[in-house]
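In what follows, a single structure is set out as structure tokens and then discussed.
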Amino acid sequence: MRLARSGTAAFFDEQRSFSPIALERSQRINGEITSPQLRLVAENGDQLGIVAVGDALKMAEEQNVDLVEIAPLAVPPVCKLMDYGKFRYREQKKAHEAKLKQKQIQVKEIKFRPGTDEGDYKIKVGKLIQFLDEGDKAKVTLRFRGREMAHQEFGVRLLERVRKDLEVHAIIEQFPRLEGRQMVMVLAPKKKAVPVKAAKKPAGEKAEKTDKAKPGVDKAPKAPKEAKQEETKPATAG
């Protein structure tokens with residue numbers, strides 16, 4: 001015997017039949033707006049005041065646009081006349097462009113051995129610096145083979161050297177730890193400090209400071225030119 005489906009199950013089946021785009025839409029449009037009155041905004045941004053929802057729908061039909069609820073929590077709700085299809089297209093395009101501009105952080109791996117020679121070491125460290133400067137994380141893996149597991153201190157020293165050489169470029173996100181026969185350390189790029197520009201002083205302020213006399217020092221009054229000339233003249237006999 002087949003049991004009748006409940007009303008709740010039928011409701012969820014009906015919801016699943018809707019397209020994903022319809023479910024993503026958050027604004028109510030046209031006949032979905034239930035408020036009897038609303039504050040209406042024209043397509044060009046002009047304020048049209050508070051109008052009845054019927055009148056707003058009539059205006060939308062006459063202008064061949066949609067009535068879209070943009071601020072449902074306002075009293076009364078704010079609605080705008082617009083081409084909703086074009087609006088959704090522009091919003092999706094903006095979101096897609098913003099997603100493309102976002103930096104996808106990757107974890108790039110460089111492998112070492114306890115006996116890595118000096119030349120190979122410098123090349124690998126250079127690669128790590130390149131990864132970190134590009135904004136990616138770096139995973140440093142040091143693998144032990146055979147009897148090397150009995151002398152793990154050599155691996156620890158090498159990873160410590162890597163850490164010191166990359167101190168300017170990276171911070172330690174995961175300190176060295178042993179995973180099976182390999183030791184792993186994860187580095188993250190260090191955030192670059194933004195230089196703070198000193199505020200420029202007004203030109204007039206500097207001029208004022210130079211004109212001011214130093215405290216505690218009185219300037220001697222200048223003697224008149226005529227009096228000075230009289231003093232320099234030689235005395236004549238009467």
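Chain identifiers are assigned as A, B, and so on, following the order in which chains appear in the structure tokens; residues are numbered from 1 within each chain, and ligands are numbered from 1 in order of appearance.
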I'd like the neighbourhood of range 64-71 of chain A as a PyMOL selection string, where a residue qualifies if any of its atoms comes within 7 Å (using only C-alpha atoms), though same-chain residues fewer than 3 positions away should be ignored. chain A and resi 27-30+57+60-61+74+77-84
Suppose we keep all heavy atoms; can you now write the selection as a compact mmCIF listing (two decimals), in the first residue's frame?
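Wrote out-v8.txt, looks like this:
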```
# COMPACT_ATOMS: atom_id res chain seq x y z
N GLN A 27 15.74 40.39 -3.54
CA GLN A 27 14.77 41.48 -3.59
C GLN A 27 13.40 40.99 -4.04
O GLN A 27 13.29 40.08 -4.86
CB GLN A 27 15.24 42.58 -4.55
CG GLN A 27 16.49 43.31 -4.09
CD GLN A 27 17.75 42.73 -4.70
OE1 GLN A 27 17.73 41.65 -5.26
NE2 GLN A 27 18.84 43.44 -4.55
N ARG A 28 12.39 41.62 -3.48
CA ARG A 28 11.02 41.36 -3.96
C ARG A 28 10.72 42.34 -5.08
O ARG A 28 11.09 43.51 -5.00
CB ARG A 28 10.01 41.51 -2.82
CG ARG A 28 10.12 40.41 -1.78
CD ARG A 28 9.01 40.46 -0.78
NE ARG A 28 9.09 41.63 0.08
CZ ARG A 28 8.29 41.84 1.12
NH1 ARG A 28 7.34 40.97 1.42
NH2 ARG A 28 8.43 42.92 1.86
N ILE A 29 10.04 41.88 -6.11
CA ILE A 29 9.75 42.74 -7.26
C ILE A 29 8.28 42.65 -7.62
O ILE A 29 7.62 41.63 -7.37
CB ILE A 29 10.62 42.37 -8.48
CG1 ILE A 29 10.33 40.95 -8.97
CG2 ILE A 29 12.10 42.49 -8.15
CD1 ILE A 29 11.00 40.62 -10.30
N ASN A 30 7.78 43.75 -8.19
CA ASN A 30 6.42 43.83 -8.76
C ASN A 30 5.36 43.30 -7.81
O ASN A 30 5.21 43.81 -6.71
CB ASN A 30 6.40 43.11 -10.10
CG ASN A 30 7.38 43.73 -11.09
OD1 ASN A 30 7.62 44.93 -11.05
ND2 ASN A 30 7.96 42.92 -11.96
N LEU A 57 3.03 50.30 -9.21
CA LEU A 57 3.02 49.22 -10.21
C LEU A 57 2.54 49.73 -11.56
O LEU A 57 3.02 49.29 -12.61
CB LEU A 57 2.14 48.06 -9.71
CG LEU A 57 2.72 47.22 -8.56
CD1 LEU A 57 1.66 46.30 -7.98
CD2 LEU A 57 3.92 46.41 -9.05
N ALA A 60 5.36 51.56 -13.18
CA ALA A 60 6.36 50.61 -13.69
C ALA A 60 5.91 50.01 -15.01
O ALA A 60 6.69 49.86 -15.95
CB ALA A 60 6.60 49.52 -12.65
N GLU A 61 4.62 49.70 -15.10
CA GLU A 61 4.08 49.11 -16.33
C GLU A 61 4.12 50.12 -17.49
O GLU A 61 4.45 49.77 -18.62
CB GLU A 61 2.64 48.64 -16.08
CG GLU A 61 2.07 47.84 -17.22
CD GLU A 61 0.67 47.32 -16.90
OE1 GLU A 61 0.20 47.50 -15.76
OE2 GLU A 61 0.05 46.74 -17.80
N ALA A 74 12.86 49.65 5.83
CA ALA A 74 12.49 51.06 6.04
C ALA A 74 10.99 51.17 6.22
O ALA A 74 10.21 50.29 5.84
CB ALA A 74 12.95 51.89 4.85
N PRO A 77 8.66 50.87 3.17
CA PRO A 77 9.75 50.30 2.37
C PRO A 77 10.09 51.18 1.17
O PRO A 77 9.24 51.85 0.61
CB PRO A 77 9.18 48.94 1.91
CG PRO A 77 8.08 48.64 2.83
CD PRO A 77 7.51 49.95 3.26
N VAL A 78 11.38 51.15 0.79
CA VAL A 78 11.84 51.94 -0.35
C VAL A 78 11.90 51.04 -1.58
O VAL A 78 12.46 49.95 -1.54
CB VAL A 78 13.24 52.55 -0.09
CG1 VAL A 78 13.70 53.39 -1.28
CG2 VAL A 78 13.22 53.39 1.18
N CYS A 79 11.28 51.50 -2.67
CA CYS A 79 11.27 50.75 -3.92
C CYS A 79 11.79 51.64 -5.04
O CYS A 79 11.66 52.86 -4.99
CB CYS A 79 9.87 50.25 -4.25
SG CYS A 79 9.22 49.08 -3.03
N LYS A 80 12.34 50.99 -6.06
CA LYS A 80 12.90 51.74 -7.17
C LYS A 80 12.39 51.18 -8.49
O LYS A 80 12.22 49.96 -8.64
CB LYS A 80 14.43 51.68 -7.15
CG LYS A 80 15.09 52.57 -8.19
CD LYS A 80 16.61 52.60 -8.03
CE LYS A 80 17.24 53.53 -9.06
NZ LYS A 80 18.70 53.60 -8.95
N LEU A 81 12.18 52.08 -9.45
CA LEU A 81 11.81 51.67 -10.80
C LEU A 81 13.08 51.38 -11.57
O LEU A 81 13.96 52.24 -11.67
CB LEU A 81 11.00 52.77 -11.48
CG LEU A 81 9.66 53.15 -10.81
CD1 LEU A 81 9.12 54.43 -11.44
CD2 LEU A 81 8.65 52.02 -10.95
N MET A 82 13.23 50.16 -12.10
CA MET A 82 14.44 49.79 -12.83
C MET A 82 14.19 48.56 -13.69
O MET A 82 13.21 47.83 -13.48
CB MET A 82 15.59 49.51 -11.85
CG MET A 82 15.37 48.26 -11.00
SD MET A 82 16.84 47.78 -10.06
CE MET A 82 16.81 48.98 -8.75
N ASP A 83 15.10 48.34 -14.63
CA ASP A 83 15.09 47.11 -15.42
C ASP A 83 15.83 46.07 -14.59
O ASP A 83 17.06 46.06 -14.53
CB ASP A 83 15.79 47.34 -16.76
CG ASP A 83 15.64 46.15 -17.70
OD1 ASP A 83 15.59 45.02 -17.21
OD2 ASP A 83 15.58 46.36 -18.93
N TYR A 84 15.07 45.20 -13.95
CA TYR A 84 15.68 44.27 -13.00
C TYR A 84 16.61 43.26 -13.68
O TYR A 84 17.62 42.86 -13.11
CB TYR A 84 14.59 43.53 -12.22
CG TYR A 84 15.14 42.74 -11.06
CD1 TYR A 84 15.66 43.39 -9.94
CD2 TYR A 84 15.15 41.35 -11.08
CE1 TYR A 84 16.17 42.68 -8.87
CE2 TYR A 84 15.67 40.63 -10.01
CZ TYR A 84 16.18 41.30 -8.91
OH TYR A 84 16.69 40.60 -7.86
```
Using only C-alpha atoms, which of the listed residues (A:Arg163, A:His151, A:His96, A:Arg143) sits closest to Glu179 in chain A?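 Going through A:Arg163, A:His151, A:His96, A:Arg143 one by one, the smallest distance to Glu179 in chain A is for A:Arg143.
Distances from A:Ile110, A:Val168, A:Val51, A:Ala150 to Val186 in chain A were compared using only C-alpha atoms, and the smallest one belongs to A:Ile110.
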Select, from A:Ala138, A:Glu91, A:Asp165, A:Lys99, the residue with the minimum atom-to-atom distance to Lys122 in chain A, counting only C-alpha atoms.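 Closest candidate: A:Asp165.
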If you run DSSP over the backbone, which residues in range 10-164 of chain A end up strand (DSSP E)? Put them as a ChimeraX atom specification. /A:37-41,47-52,66-71,78-82,107-112,137-143
What's the 8 Å shell around Glu148 in chain A, counting only C-alpha atoms, without same-chain residues fewer than 4 positions away, as a PyMOL selection string? chain A and resi 114+144+152
Between A:Ala42, A:Gln182, A:Ala52, A:Lys101, which residue has the minimum interatomic distance to Gly146 in chain A, considering only C-alpha atoms?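 Under the stated criterion, the closest residue is A:Gln182.
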Atom pair CA of Arg147 in chain A / CA of Thr116 in chain A: separation (Å):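 Answer for the CA of Arg147 in chain A to CA of Thr116 in chain A separation: 16.0 Å.
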Where in range 18-187 of chain A does DSSP assign alpha helix (DSSP H), given as a ChimeraX atom specification? /A:20-24,53-62,84-101,118-133,152-165
